[in-house]
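Heads up, target.cif below (mmCIF, C-alpha atoms):
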```
data_work
loop_
_atom_site.label_atom_id
_atom_site.label_comp_id
_atom_site.auth_asym_id
_atom_site.auth_seq_id
_atom_site.Cartn_x
_atom_site.Cartn_y
_atom_site.Cartn_z
CA MET A 129 38.70 -58.02 -50.45
CA GLU A 130 38.01 -60.94 -52.78
CA LEU A 131 37.74 -60.35 -56.53
CA HIS A 132 34.03 -61.21 -56.56
CA ASP A 133 33.50 -58.44 -54.00
CA VAL A 134 35.50 -56.04 -56.17
CA TRP A 135 33.34 -56.86 -59.18
CA PHE A 136 30.16 -56.39 -57.19
CA VAL A 137 31.40 -52.87 -56.43
CA LEU A 138 32.40 -52.27 -60.05
CA ILE A 139 29.00 -53.38 -61.32
CA ALA A 140 27.38 -51.06 -58.77
CA VAL A 141 29.54 -48.23 -60.15
CA LEU A 142 28.53 -49.05 -63.72
CA TRP A 143 24.82 -49.00 -62.87
CA THR A 144 25.32 -45.77 -60.95
CA GLY A 145 27.03 -44.18 -63.94
CA TYR A 146 24.27 -45.40 -66.24
CA PHE A 147 21.48 -43.98 -64.07
CA PHE A 148 23.35 -40.69 -63.61
CA LEU A 149 23.87 -40.18 -67.35
CA GLU A 150 20.87 -41.91 -68.87
CA GLY A 151 18.76 -40.46 -66.06
CA PHE A 152 18.89 -36.89 -67.40
CA ASP A 153 18.70 -38.38 -70.90
CA PHE A 154 15.36 -40.02 -70.09
CA GLY A 155 14.28 -36.90 -68.23
CA VAL A 156 14.80 -34.69 -71.27
CA GLY A 157 12.78 -37.16 -73.34
CA VAL A 158 9.90 -36.84 -70.86
CA LEU A 159 10.15 -33.04 -71.07
CA THR A 160 9.42 -33.07 -74.80
CA LYS A 161 5.76 -33.37 -73.73
CA LEU A 162 5.83 -31.67 -70.32
CA LEU A 163 7.94 -28.60 -71.07
CA ALA A 164 8.19 -27.92 -74.80
CA ARG A 165 5.37 -25.79 -76.21
CA ASN A 166 6.21 -26.00 -79.91
CA ARG A 167 8.41 -27.83 -82.38
CA PRO A 168 11.44 -25.48 -82.08
CA GLU A 169 11.48 -26.01 -78.31
CA LYS A 170 11.29 -29.77 -78.80
CA ARG A 171 14.27 -29.46 -81.16
CA VAL A 172 16.17 -27.55 -78.47
CA LEU A 173 15.48 -30.24 -75.88
CA ILE A 174 16.49 -33.06 -78.20
CA ASN A 175 19.61 -31.16 -79.26
CA THR A 176 20.76 -30.88 -75.63
CA ILE A 177 21.19 -34.66 -75.51
CA GLY A 178 21.76 -35.31 -79.21
CA PRO A 179 25.57 -35.59 -78.98
CA VAL A 180 25.59 -37.75 -75.84
CA TRP A 181 22.55 -40.03 -75.60
CA ASP A 182 24.16 -42.96 -77.43
CA GLY A 183 27.36 -42.68 -75.38
CA ASN A 184 25.29 -42.79 -72.20
CA GLU A 185 23.91 -46.19 -73.21
CA VAL A 186 27.44 -47.62 -73.32
CA TRP A 187 27.24 -47.79 -69.52
CA LEU A 188 24.23 -50.12 -69.78
CA LEU A 189 25.99 -52.41 -72.25
CA THR A 190 29.07 -52.50 -70.03
CA ALA A 191 27.01 -53.20 -66.89
CA GLY A 192 25.17 -56.04 -68.63
CA GLY A 193 28.37 -57.49 -70.07
CA ALA A 194 30.19 -57.25 -66.74
CA THR A 195 27.32 -59.02 -64.98
CA PHE A 196 27.35 -61.80 -67.57
CA ALA A 197 31.11 -62.31 -67.25
CA ALA A 198 31.56 -61.80 -63.51
CA PHE A 199 28.30 -63.28 -62.18
CA PRO A 200 26.84 -65.67 -64.78
CA GLU A 201 24.33 -67.18 -62.31
CA TRP A 202 23.04 -63.70 -61.48
CA TYR A 203 22.81 -62.82 -65.16
CA ALA A 204 20.98 -66.06 -66.05
CA THR A 205 18.43 -65.81 -63.24
CA LEU A 206 17.88 -62.09 -63.74
CA PHE A 207 17.37 -62.19 -67.49
CA SER A 208 15.20 -65.28 -67.44
CA GLY A 209 13.03 -64.16 -64.53
CA PHE A 210 12.76 -60.53 -65.67
CA TYR A 211 12.56 -61.41 -69.35
CA LEU A 212 9.40 -59.46 -70.24
CA PRO A 213 10.22 -56.12 -68.55
CA LEU A 214 13.82 -56.25 -69.79
CA LEU A 215 12.58 -57.03 -73.31
CA VAL A 216 10.25 -54.04 -73.15
CA ILE A 217 13.17 -51.84 -72.03
CA LEU A 218 15.33 -53.16 -74.88
CA VAL A 219 12.62 -52.52 -77.49
CA CYS A 220 12.12 -49.01 -76.10
CA LEU A 221 15.83 -48.24 -76.33
CA ILE A 222 15.93 -49.48 -79.93
CA VAL A 223 12.87 -47.45 -80.96
CA ARG A 224 14.22 -44.42 -79.09
CA GLY A 225 17.51 -44.54 -80.98
CA VAL A 226 15.67 -44.85 -84.29
CA ALA A 227 13.39 -41.95 -83.34
CA PHE A 228 16.34 -39.63 -82.70
CA GLU A 229 17.79 -40.40 -86.13
CA TYR A 230 14.61 -40.66 -88.23
CA ARG A 231 12.71 -37.70 -86.81
CA VAL A 232 14.26 -35.22 -89.25
CA LYS A 233 14.46 -37.50 -92.28
CA ARG A 234 11.17 -36.17 -93.69
CA PRO A 235 9.61 -32.67 -93.52
CA GLU A 236 5.99 -33.68 -92.87
CA GLU A 237 4.72 -32.46 -89.51
CA SER A 238 2.89 -35.73 -88.81
CA TRP A 239 6.09 -37.72 -89.40
CA GLN A 240 8.10 -35.62 -86.96
CA ARG A 241 5.29 -35.50 -84.40
CA ASN A 242 4.97 -39.30 -84.36
CA TRP A 243 8.70 -39.77 -83.77
CA GLU A 244 8.66 -37.15 -81.02
CA THR A 245 5.81 -39.04 -79.38
CA ALA A 246 7.94 -42.19 -79.62
CA ILE A 247 10.82 -40.37 -77.89
CA PHE A 248 8.50 -39.41 -75.03
CA TRP A 249 7.08 -42.89 -74.41
CA THR A 250 10.40 -44.67 -74.88
CA SER A 251 11.81 -42.38 -72.20
CA VAL A 252 8.93 -42.80 -69.75
CA ILE A 253 8.63 -46.58 -69.94
CA PRO A 254 12.32 -47.53 -69.34
CA ALA A 255 12.64 -44.87 -66.61
CA PHE A 256 9.74 -46.53 -64.79
CA LEU A 257 10.69 -50.17 -65.48
CA TRP A 258 14.28 -49.77 -64.27
CA GLY A 259 12.91 -48.80 -60.87
CA VAL A 260 10.56 -51.79 -60.90
CA ALA A 261 13.42 -54.13 -61.80
CA PHE A 262 15.81 -52.89 -59.12
CA GLY A 263 13.04 -52.76 -56.57
CA ASN A 264 12.50 -56.48 -57.09
CA ILE A 265 16.22 -57.24 -57.03
CA VAL A 266 16.67 -55.51 -53.69
CA HIS A 267 13.45 -56.65 -52.04
CA GLY A 268 13.83 -60.26 -53.20
CA VAL A 269 12.04 -62.57 -55.63
CA LYS A 270 10.96 -66.20 -55.76
CA ILE A 271 14.18 -68.20 -56.31
CA ASP A 272 14.19 -71.96 -55.71
CA ARG A 273 16.92 -74.31 -54.54
CA ASP A 274 18.24 -74.57 -58.12
CA LEU A 275 18.85 -70.80 -58.10
CA GLU A 276 16.13 -70.26 -60.70
CA TYR A 277 13.31 -67.72 -60.68
CA VAL A 278 9.97 -69.52 -60.23
CA GLY A 279 7.60 -66.56 -59.95
CA SER A 280 5.51 -64.91 -62.66
CA VAL A 281 5.67 -61.48 -64.25
CA TRP A 282 2.76 -60.44 -62.00
CA ASP A 283 4.90 -61.12 -58.93
CA LEU A 284 7.21 -58.36 -60.12
CA LEU A 285 4.39 -55.82 -59.96
CA ASN A 286 4.30 -55.60 -56.17
CA PRO A 287 3.76 -52.32 -54.26
CA TYR A 288 7.43 -51.86 -53.32
CA ALA A 289 8.66 -52.35 -56.89
CA LEU A 290 5.95 -50.11 -58.37
CA LEU A 291 6.92 -47.39 -55.89
CA GLY A 292 10.52 -47.87 -57.01
CA GLY A 293 9.38 -47.32 -60.59
CA LEU A 294 7.66 -44.06 -59.67
CA VAL A 295 10.79 -42.93 -57.83
CA THR A 296 13.11 -43.51 -60.79
CA LEU A 297 10.63 -41.91 -63.19
CA THR A 298 10.24 -38.74 -61.13
CA LEU A 299 13.92 -38.61 -60.12
CA PHE A 300 15.11 -38.96 -63.72
CA THR A 301 12.59 -36.33 -64.82
CA PHE A 302 13.87 -33.95 -62.14
CA HIS A 303 17.46 -34.70 -63.18
CA GLY A 304 16.54 -33.98 -66.80
CA THR A 305 14.76 -30.77 -65.85
CA VAL A 306 17.75 -29.28 -64.06
CA PHE A 307 19.96 -30.46 -66.94
CA THR A 308 17.66 -28.58 -69.34
CA ALA A 309 17.91 -25.45 -67.19
CA LEU A 310 21.71 -25.84 -67.26
CA LYS A 311 21.91 -26.33 -71.03
CA THR A 312 19.39 -23.80 -72.37
CA VAL A 313 18.82 -20.05 -72.48
CA GLY A 314 15.77 -17.83 -72.59
CA GLU A 315 12.21 -18.67 -71.70
CA ILE A 316 12.65 -22.44 -71.84
CA ARG A 317 15.37 -22.18 -69.18
CA GLU A 318 13.07 -20.24 -66.84
CA ARG A 319 10.20 -22.68 -67.33
CA ALA A 320 12.56 -25.61 -66.73
CA ARG A 321 13.58 -24.11 -63.38
CA ALA A 322 9.94 -23.64 -62.38
CA LEU A 323 9.04 -27.18 -63.41
CA ALA A 324 12.08 -28.57 -61.57
CA LEU A 325 10.67 -27.28 -58.29
CA ARG A 326 7.34 -29.06 -58.75
CA VAL A 327 8.88 -32.31 -59.99
CA GLY A 328 11.55 -32.18 -57.29
CA LEU A 329 9.02 -31.87 -54.48
CA ALA A 330 7.07 -34.87 -55.79
CA THR A 331 10.34 -36.78 -56.12
CA ALA A 332 11.35 -35.94 -52.56
CA VAL A 333 8.14 -37.37 -51.12
CA LEU A 334 8.24 -40.58 -53.17
CA ALA A 335 11.98 -41.11 -52.68
CA LEU A 336 11.80 -40.60 -48.92
CA VAL A 337 9.05 -43.22 -48.57
CA PHE A 338 10.89 -45.68 -50.82
CA LEU A 339 14.29 -45.27 -49.16
CA VAL A 340 12.89 -45.47 -45.64
CA TRP A 341 10.97 -48.62 -46.65
CA THR A 342 14.21 -50.07 -48.05
CA GLN A 343 16.12 -49.21 -44.88
CA ALA A 344 13.44 -50.76 -42.68
CA HIS A 345 13.37 -53.95 -44.76
CA SER A 346 17.06 -54.73 -45.21
CA GLY A 347 19.12 -51.70 -44.29
CA ASN A 348 22.27 -51.34 -42.21
CA GLY A 349 24.44 -48.54 -40.88
CA LYS A 350 26.15 -47.83 -44.21
CA SER A 351 22.88 -47.75 -46.14
CA LEU A 352 21.46 -45.33 -43.56
CA VAL A 353 24.33 -42.93 -44.28
CA ALA A 354 23.60 -43.22 -48.01
CA LEU A 355 19.90 -42.53 -47.34
CA VAL A 356 20.72 -39.34 -45.44
CA VAL A 357 23.09 -38.18 -48.19
CA ALA A 358 20.48 -38.85 -50.90
CA VAL A 359 17.75 -36.90 -49.11
CA ALA A 360 20.07 -34.01 -48.18
CA ALA A 361 21.41 -33.77 -51.74
CA LEU A 362 17.90 -33.69 -53.20
CA VAL A 363 16.85 -30.89 -50.86
CA ALA A 364 20.04 -28.98 -51.65
CA ALA A 365 19.41 -29.46 -55.38
CA LEU A 366 15.98 -27.84 -54.98
CA VAL A 367 17.49 -24.91 -53.07
CA ALA A 368 20.21 -24.42 -55.70
CA ASN A 369 17.62 -24.56 -58.47
CA GLN A 370 15.55 -21.82 -56.82
CA ALA A 371 18.69 -19.72 -56.47
CA GLY A 372 19.39 -20.04 -60.19
CA ARG A 373 22.54 -22.11 -59.66
CA GLU A 374 21.80 -24.71 -62.31
CA GLY A 375 25.27 -26.22 -62.26
CA TRP A 376 25.10 -26.92 -58.54
CA SER A 377 21.52 -28.14 -58.84
CA PHE A 378 22.47 -30.63 -61.55
CA ALA A 379 25.52 -31.84 -59.61
CA LEU A 380 23.44 -32.31 -56.46
CA SER A 381 20.67 -34.15 -58.30
CA GLY A 382 23.41 -36.42 -59.58
CA VAL A 383 24.63 -36.94 -56.02
CA THR A 384 21.07 -37.92 -55.13
CA ILE A 385 21.09 -40.63 -57.79
CA VAL A 386 24.56 -41.85 -56.79
CA ALA A 387 23.63 -42.05 -53.10
CA ALA A 388 20.27 -43.74 -53.78
CA VAL A 389 21.82 -46.41 -56.01
CA ALA A 390 24.64 -46.90 -53.51
CA MET A 391 22.07 -47.45 -50.79
CA LEU A 392 20.34 -50.16 -52.84
CA PHE A 393 23.59 -52.02 -53.42
CA LEU A 394 24.65 -51.61 -49.79
CA THR A 395 21.41 -53.21 -48.62
CA LEU A 396 21.81 -55.95 -51.22
CA PHE A 397 25.39 -57.06 -50.43
CA PRO A 398 26.49 -59.86 -50.07
CA ASN A 399 23.41 -61.03 -51.98
CA VAL A 400 22.92 -60.21 -55.62
CA MET A 401 19.35 -61.55 -55.76
CA PRO A 402 17.71 -62.50 -52.44
CA SER A 403 15.22 -65.36 -52.39
CA THR A 404 11.88 -64.74 -50.72
CA LEU A 405 11.26 -68.50 -50.51
CA ASN A 406 14.33 -69.40 -48.48
CA ALA A 407 17.28 -67.19 -47.54
CA ASP A 408 19.63 -70.12 -48.18
CA TRP A 409 18.55 -70.15 -51.85
CA SER A 410 19.59 -66.54 -52.43
CA LEU A 411 22.14 -65.69 -55.10
CA THR A 412 25.25 -64.22 -53.50
CA VAL A 413 28.56 -62.82 -54.68
CA THR A 414 30.04 -66.21 -53.85
CA ASN A 415 27.68 -68.74 -55.42
CA ALA A 416 26.87 -66.59 -58.48
CA SER A 417 30.40 -65.54 -59.49
CA SER A 418 32.78 -66.74 -62.17
CA SER A 419 36.08 -68.46 -61.46
CA PRO A 420 38.89 -66.44 -59.84
CA TYR A 421 40.92 -66.69 -63.07
CA THR A 422 38.09 -65.17 -65.12
CA LEU A 423 37.70 -62.35 -62.63
CA LYS A 424 41.46 -61.72 -62.67
CA ILE A 425 41.54 -61.37 -66.48
CA MET A 426 38.49 -59.10 -66.38
CA THR A 427 40.12 -56.89 -63.77
CA TRP A 428 43.18 -56.27 -65.94
CA LEU A 429 41.01 -55.47 -68.96
CA ALA A 430 38.94 -53.05 -66.88
CA VAL A 431 42.07 -51.29 -65.58
CA ILE A 432 43.25 -50.71 -69.17
CA ALA A 433 39.96 -49.84 -70.91
CA THR A 434 38.03 -47.84 -68.30
CA PRO A 435 40.25 -44.71 -68.25
CA VAL A 436 40.09 -44.50 -72.05
CA VAL A 437 36.30 -44.64 -72.07
CA LEU A 438 36.03 -42.06 -69.28
CA LEU A 439 38.43 -39.66 -71.01
CA TYR A 440 36.62 -39.93 -74.32
CA GLN A 441 33.17 -39.42 -72.82
CA GLY A 442 34.40 -36.52 -70.70
CA TRP A 443 35.86 -34.90 -73.82
CA THR A 444 32.50 -35.27 -75.59
CA TYR A 445 30.69 -33.43 -72.80
CA TRP A 446 33.35 -30.71 -72.81
CA VAL A 447 33.01 -30.10 -76.55
CA PHE A 448 29.21 -29.77 -76.34
CA ARG A 449 29.16 -27.82 -73.06
CA LYS A 450 27.56 -24.57 -74.31
CA ARG A 451 23.96 -23.53 -73.74
CA ILE A 452 21.53 -23.49 -76.65
CA GLY A 453 18.14 -21.91 -77.40
CA THR A 454 15.66 -21.60 -80.25
CA GLN A 455 17.76 -18.77 -81.73
CA HIS A 456 20.61 -21.24 -82.27
CA LEU A 457 18.58 -23.61 -84.42
CA ALA A 458 19.50 -23.78 -88.08
CA ASP A 459 16.72 -23.34 -90.61
CA ALA A 460 15.15 -26.58 -91.77
CA ALA A 461 17.00 -27.99 -94.76
CA HIS A 462 13.82 -29.25 -96.46
#
```
Spit out the file's structure as structure tokens when you get a sec.
Amino acid sequence: MELHDVWFVLIAVLWTGYFFLEGFDFGVGVLTKLLARNRPEKRVLINTIGPVWDGNEVWLLTAGGATFAAFPEWYATLFSGFYLPLLVILVCLIVRGVAFEYRVKRPEESWQRNWETAIFWTSVIPAFLWGVAFGNIVHGVKIDRDLEYVGSVWDLLNPYALLGGLVTLTLFTFHGTVFTALKTVGEIRERARALALRVGLATAVLALVFLVWTQAHSGNGKSLVALVVAVAALVAALVANQAGREGWSFALSGVTIVAAVAMLFLTLFPNVMPSTLNADWSLTVTNASSSPYTLKIMTWLAVIATPVVLLYQGWTYWVFRKRIGTQHLADAAH
């Protein structure tokens, strides 16, 4: 296997890790409006991800940096062609981080309510737009002979990509719901399990249509296996949720995300951005990659740094592994 193939796999792994971790992160943010009935319950939801949300975003930074270094042509075409939706995602992530920190800086109810509203919308919008972006990457966009995107932002809002956005939004919300059931106690836990069933069923319908559409458009034998695993894992996650096995349900919803993302990258390879104008103008792992020397240096750095990052993040989740409820909230300091 050539180094550019290895880095295509590594970038796929980074995006998979990001969607697995930030997926339940976004989902919990959505639940601040869908599940929480009062301010203490919103505090419980936010506290479930409070110690980990910023660490989850490291995977996005690493995926973006790895793409820039390993596939500069891919990075340049992607970020220039998808400039507006990626800018909106970036602004949302910035506002979301500020909202987590500033929400409790003042005691006024209106102040806290406004920041909680910001957390909701800055969870919904990126969760939807990531699906739109990857839907376009997989399905293909208008790339000319100079390997540049020549379409408009409206070309990105096609039916397939919009369906992809709905799939990621509902899948992340389901992932966040089972995470909430896993991390909480009391009434909020029971309501999270009930909501997970409804969201999961909607997710199953949308995901099945999207994945079958993807398979029919550009699938192969390997992607078909990934499709079957994704659907089976989602169904199993729903069954485990109904049985009150939140740990299994969360693990299986994570398998669903892993298998779905794997399917997208399996249908994409060896392209990284297919051209809908001419297949010969598509960006591939060969014509979009850096030099072999650059990839070699990056590989050694990844071998050294990746285990450290994984160990540290795993330790963080272990430290904050206990369930919480409204009875565990400290009295307001103000």
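The smallest atom-to-atom distance between Leu173 of chain A and any of A:Phe210, A:Trp187, A:Phe228, A:Phe338, using all atoms listed in the file, is found for A:Phe228.
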Residue contacts of segment 364-370 of chain A (10 Å, only C-alpha atoms) excluding same-chain residues fewer than 4 positions away, as a PDB file with C-alpha atoms, in the coordinates of the input:
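After the write, out_25.pdb holds the following:
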```
ATOM      1  CA  PHE A 302      13.870 -33.950 -62.140  1.00  0.00           C
ATOM      2  CA  HIS A 303      17.460 -34.700 -63.180  1.00  0.00           C
ATOM      3  CA  VAL A 306      17.750 -29.280 -64.060  1.00  0.00           C
ATOM      4  CA  ALA A 309      17.910 -25.450 -67.190  1.00  0.00           C
ATOM      5  CA  LEU A 310      21.710 -25.840 -67.260  1.00  0.00           C
ATOM      6  CA  ALA A 320      12.560 -25.610 -66.730  1.00  0.00           C
ATOM      7  CA  ARG A 321      13.580 -24.110 -63.380  1.00  0.00           C
ATOM      8  CA  ALA A 322       9.940 -23.640 -62.380  1.00  0.00           C
ATOM      9  CA  ALA A 324      12.080 -28.570 -61.570  1.00  0.00           C
ATOM     10  CA  LEU A 325      10.670 -27.280 -58.290  1.00  0.00           C
ATOM     11  CA  ARG A 326       7.340 -29.060 -58.750  1.00  0.00           C
ATOM     12  CA  VAL A 327       8.880 -32.310 -59.990  1.00  0.00           C
ATOM     13  CA  GLY A 328      11.550 -32.180 -57.290  1.00  0.00           C
ATOM     14  CA  LEU A 329       9.020 -31.870 -54.480  1.00  0.00           C
ATOM     15  CA  ALA A 332      11.350 -35.940 -52.560  1.00  0.00           C
ATOM     16  CA  ALA A 358      20.480 -38.850 -50.900  1.00  0.00           C
ATOM     17  CA  VAL A 359      17.750 -36.900 -49.110  1.00  0.00           C
ATOM     18  CA  ALA A 360      20.070 -34.010 -48.180  1.00  0.00           C
ATOM     19  CA  GLU A 374      21.800 -24.710 -62.310  1.00  0.00           C
ATOM     20  CA  GLY A 375      25.270 -26.220 -62.260  1.00  0.00           C
ATOM     21  CA  TRP A 376      25.100 -26.920 -58.540  1.00  0.00           C
ATOM     22  CA  SER A 377      21.520 -28.140 -58.840  1.00  0.00           C
ATOM     23  CA  PHE A 378      22.470 -30.630 -61.550  1.00  0.00           C
ATOM     24  CA  ALA A 379      25.520 -31.840 -59.610  1.00  0.00           C
ATOM     25  CA  LEU A 380      23.440 -32.310 -56.460  1.00  0.00           C
ATOM     26  CA  SER A 381      20.670 -34.150 -58.300  1.00  0.00           C
ATOM     27  CA  GLY A 382      23.410 -36.420 -59.580  1.00  0.00           C
ATOM     28  CA  VAL A 383      24.630 -36.940 -56.020  1.00  0.00           C
ATOM     29  CA  THR A 384      21.070 -37.920 -55.130  1.00  0.00           C
TER      30      THR A 384
END
```
What do you get, as a ChimeraX atom specification, if you spell out every residue that the PyMOL selection byres ((chain A and resi 349-351) around 12) selects here?
/A:339-348,352-358,387-397
Spell out the residues picked by the PyMOL selection byres ((chain A and resi 207) around 12) here, as a JSON list (two decimals) with C-alpha atoms, keeping the file's coordinate frame.
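The new file expr-v1.json reads:
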```json
[["chain", "number", "residue", "atom", "x", "y", "z"],
["A", 192, "GLY", "CA", 25.17, -56.04, -68.63],
["A", 195, "THR", "CA", 27.32, -59.02, -64.98],
["A", 196, "PHE", "CA", 27.35, -61.80, -67.57],
["A", 200, "PRO", "CA", 26.84, -65.67, -64.78],
["A", 201, "GLU", "CA", 24.33, -67.18, -62.31],
["A", 202, "TRP", "CA", 23.04, -63.70, -61.48],
["A", 203, "TYR", "CA", 22.81, -62.82, -65.16],
["A", 204, "ALA", "CA", 20.98, -66.06, -66.05],
["A", 205, "THR", "CA", 18.43, -65.81, -63.24],
["A", 206, "LEU", "CA", 17.88, -62.09, -63.74],
["A", 208, "SER", "CA", 15.20, -65.28, -67.44],
["A", 209, "GLY", "CA", 13.03, -64.16, -64.53],
["A", 210, "PHE", "CA", 12.76, -60.53, -65.67],
["A", 211, "TYR", "CA", 12.56, -61.41, -69.35],
["A", 212, "LEU", "CA", 9.40, -59.46, -70.24],
["A", 213, "PRO", "CA", 10.22, -56.12, -68.55],
["A", 214, "LEU", "CA", 13.82, -56.25, -69.79],
["A", 215, "LEU", "CA", 12.58, -57.03, -73.31],
["A", 218, "LEU", "CA", 15.33, -53.16, -74.88],
["A", 261, "ALA", "CA", 13.42, -54.13, -61.80],
["A", 265, "ILE", "CA", 16.22, -57.24, -57.03],
["A", 276, "GLU", "CA", 16.13, -70.26, -60.70],
["A", 277, "TYR", "CA", 13.31, -67.72, -60.68],
["A", 401, "MET", "CA", 19.35, -61.55, -55.76]]
```
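Among A:Val180, A:Ala246, A:Val252, A:Val400, the residue with the shortest atom-to-atom distance to Trp443 of chain A, counting only C-alpha atoms, is A:Val180.
Here, the PyMOL selection byres ((chain A and resi 293) around 7) matches Phe256, Leu257, Trp258, Gly259, Val260, Ala289, Leu290, Leu291, Gly292, Leu294, Val295, Thr296 and Leu297 of chain A.
Of the listed residues (A:Ala191, A:Pro398, A:Arg167, A:Tyr146), A:Arg167 comes nearest to Gln240 of chain A; the distances count all atoms listed in the file.
As for atom CA of Ser418 of chain A and atom CA of His132 of chain A, they are spaced 8.0 Å apart.
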Give me, as a PyMOL selection string, all polymer residues having an atom no more than 12 Å from Asp182 of chain A, counting all atoms listed in the file and skipping those fewer than 2 positions away in the same chain.
chain A and resi 146+149-150+153-154+177-180+184-189+221-222+224-226+228-229+441+444
Is it possible to get the residues within 10 Å of (7.0, -30.4, -71.9) (coordinates as in the file, counting only C-alpha atoms) written as a list in words?
Val156, Gly157, Val158, Leu159, Thr160, Lys161, Leu162, Leu163, Ala164, Arg165, Asn166, Glu169, Lys170, Leu173, Phe248, Thr305, Ile316, Arg319, Ala320 and Leu323 of chain A
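Atom pair atom CA of Val232 of chain A / atom CA of Gly183 of chain A has a distance of 20.5 Å (rounded to one decimal).
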Assuming the input is short of atoms at segment 202-207 of chain A, produce all heavy atoms for that part as a PDB file, keeping the file's coordinate frame.
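Saved to part.pdb:
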```
ATOM      1  N   TRP A 202      23.866 -64.898 -61.669  1.00  0.00           N
ATOM      2  CA  TRP A 202      23.040 -63.700 -61.480  1.00  0.00           C
ATOM      3  C   TRP A 202      22.431 -63.276 -62.813  1.00  0.00           C
ATOM      4  O   TRP A 202      21.227 -63.015 -62.914  1.00  0.00           O
ATOM      5  CB  TRP A 202      23.897 -62.587 -60.895  1.00  0.00           C
ATOM      6  CG  TRP A 202      23.156 -61.325 -60.551  1.00  0.00           C
ATOM      7  CD1 TRP A 202      21.811 -61.145 -60.484  1.00  0.00           C
ATOM      8  CD2 TRP A 202      23.754 -60.065 -60.201  1.00  0.00           C
ATOM      9  NE1 TRP A 202      21.515 -59.857 -60.125  1.00  0.00           N
ATOM     10  CE2 TRP A 202      22.678 -59.168 -59.937  1.00  0.00           C
ATOM     11  CE3 TRP A 202      25.064 -59.617 -60.062  1.00  0.00           C
ATOM     12  CZ2 TRP A 202      22.904 -57.847 -59.574  1.00  0.00           C
ATOM     13  CZ3 TRP A 202      25.281 -58.298 -59.683  1.00  0.00           C
ATOM     14  CH2 TRP A 202      24.211 -57.432 -59.445  1.00  0.00           C
ATOM     15  N   TYR A 203      23.258 -63.223 -63.839  1.00  0.00           N
ATOM     16  CA  TYR A 203      22.810 -62.820 -65.160  1.00  0.00           C
ATOM     17  C   TYR A 203      21.718 -63.760 -65.677  1.00  0.00           C
ATOM     18  O   TYR A 203      20.675 -63.315 -66.191  1.00  0.00           O
ATOM     19  CB  TYR A 203      23.991 -62.818 -66.127  1.00  0.00           C
ATOM     20  CG  TYR A 203      23.668 -62.375 -67.532  1.00  0.00           C
ATOM     21  CD1 TYR A 203      23.807 -61.035 -67.908  1.00  0.00           C
ATOM     22  CD2 TYR A 203      23.247 -63.288 -68.499  1.00  0.00           C
ATOM     23  CE1 TYR A 203      23.532 -60.625 -69.201  1.00  0.00           C
ATOM     24  CE2 TYR A 203      22.962 -62.883 -69.797  1.00  0.00           C
ATOM     25  CZ  TYR A 203      23.103 -61.551 -70.134  1.00  0.00           C
ATOM     26  OH  TYR A 203      22.816 -61.146 -71.420  1.00  0.00           O
ATOM     27  N   ALA A 204      21.931 -65.073 -65.532  1.00  0.00           N
ATOM     28  CA  ALA A 204      20.980 -66.060 -66.050  1.00  0.00           C
ATOM     29  C   ALA A 204      19.634 -65.968 -65.335  1.00  0.00           C
ATOM     30  O   ALA A 204      18.570 -65.955 -65.966  1.00  0.00           O
ATOM     31  CB  ALA A 204      21.556 -67.462 -65.913  1.00  0.00           C
ATOM     32  N   THR A 205      19.673 -65.884 -64.006  1.00  0.00           N
ATOM     33  CA  THR A 205      18.430 -65.810 -63.240  1.00  0.00           C
ATOM     34  C   THR A 205      17.711 -64.486 -63.473  1.00  0.00           C
ATOM     35  O   THR A 205      16.485 -64.450 -63.629  1.00  0.00           O
ATOM     36  CB  THR A 205      18.722 -65.977 -61.738  1.00  0.00           C
ATOM     37  OG1 THR A 205      19.405 -67.213 -61.524  1.00  0.00           O
ATOM     38  CG2 THR A 205      17.434 -65.975 -60.929  1.00  0.00           C
ATOM     39  N   LEU A 206      18.466 -63.411 -63.536  1.00  0.00           N
ATOM     40  CA  LEU A 206      17.880 -62.090 -63.740  1.00  0.00           C
ATOM     41  C   LEU A 206      17.200 -61.981 -65.095  1.00  0.00           C
ATOM     42  O   LEU A 206      16.041 -61.569 -65.198  1.00  0.00           O
ATOM     43  CB  LEU A 206      18.961 -61.019 -63.593  1.00  0.00           C
ATOM     44  CG  LEU A 206      18.555 -59.571 -63.883  1.00  0.00           C
ATOM     45  CD1 LEU A 206      17.512 -59.110 -62.869  1.00  0.00           C
ATOM     46  CD2 LEU A 206      19.769 -58.653 -63.861  1.00  0.00           C
ATOM     47  N   PHE A 207      17.904 -62.386 -66.148  1.00  0.00           N
ATOM     48  CA  PHE A 207      17.370 -62.190 -67.490  1.00  0.00           C
ATOM     49  C   PHE A 207      16.312 -63.216 -67.863  1.00  0.00           C
ATOM     50  O   PHE A 207      15.516 -62.967 -68.770  1.00  0.00           O
ATOM     51  CB  PHE A 207      18.511 -62.191 -68.512  1.00  0.00           C
ATOM     52  CG  PHE A 207      19.217 -60.865 -68.611  1.00  0.00           C
ATOM     53  CD1 PHE A 207      20.131 -60.475 -67.645  1.00  0.00           C
ATOM     54  CD2 PHE A 207      18.956 -60.000 -69.646  1.00  0.00           C
ATOM     55  CE1 PHE A 207      20.778 -59.262 -67.708  1.00  0.00           C
ATOM     56  CE2 PHE A 207      19.594 -58.769 -69.729  1.00  0.00           C
ATOM     57  CZ  PHE A 207      20.511 -58.395 -68.755  1.00  0.00           C
TER      58      PHE A 207
END
```
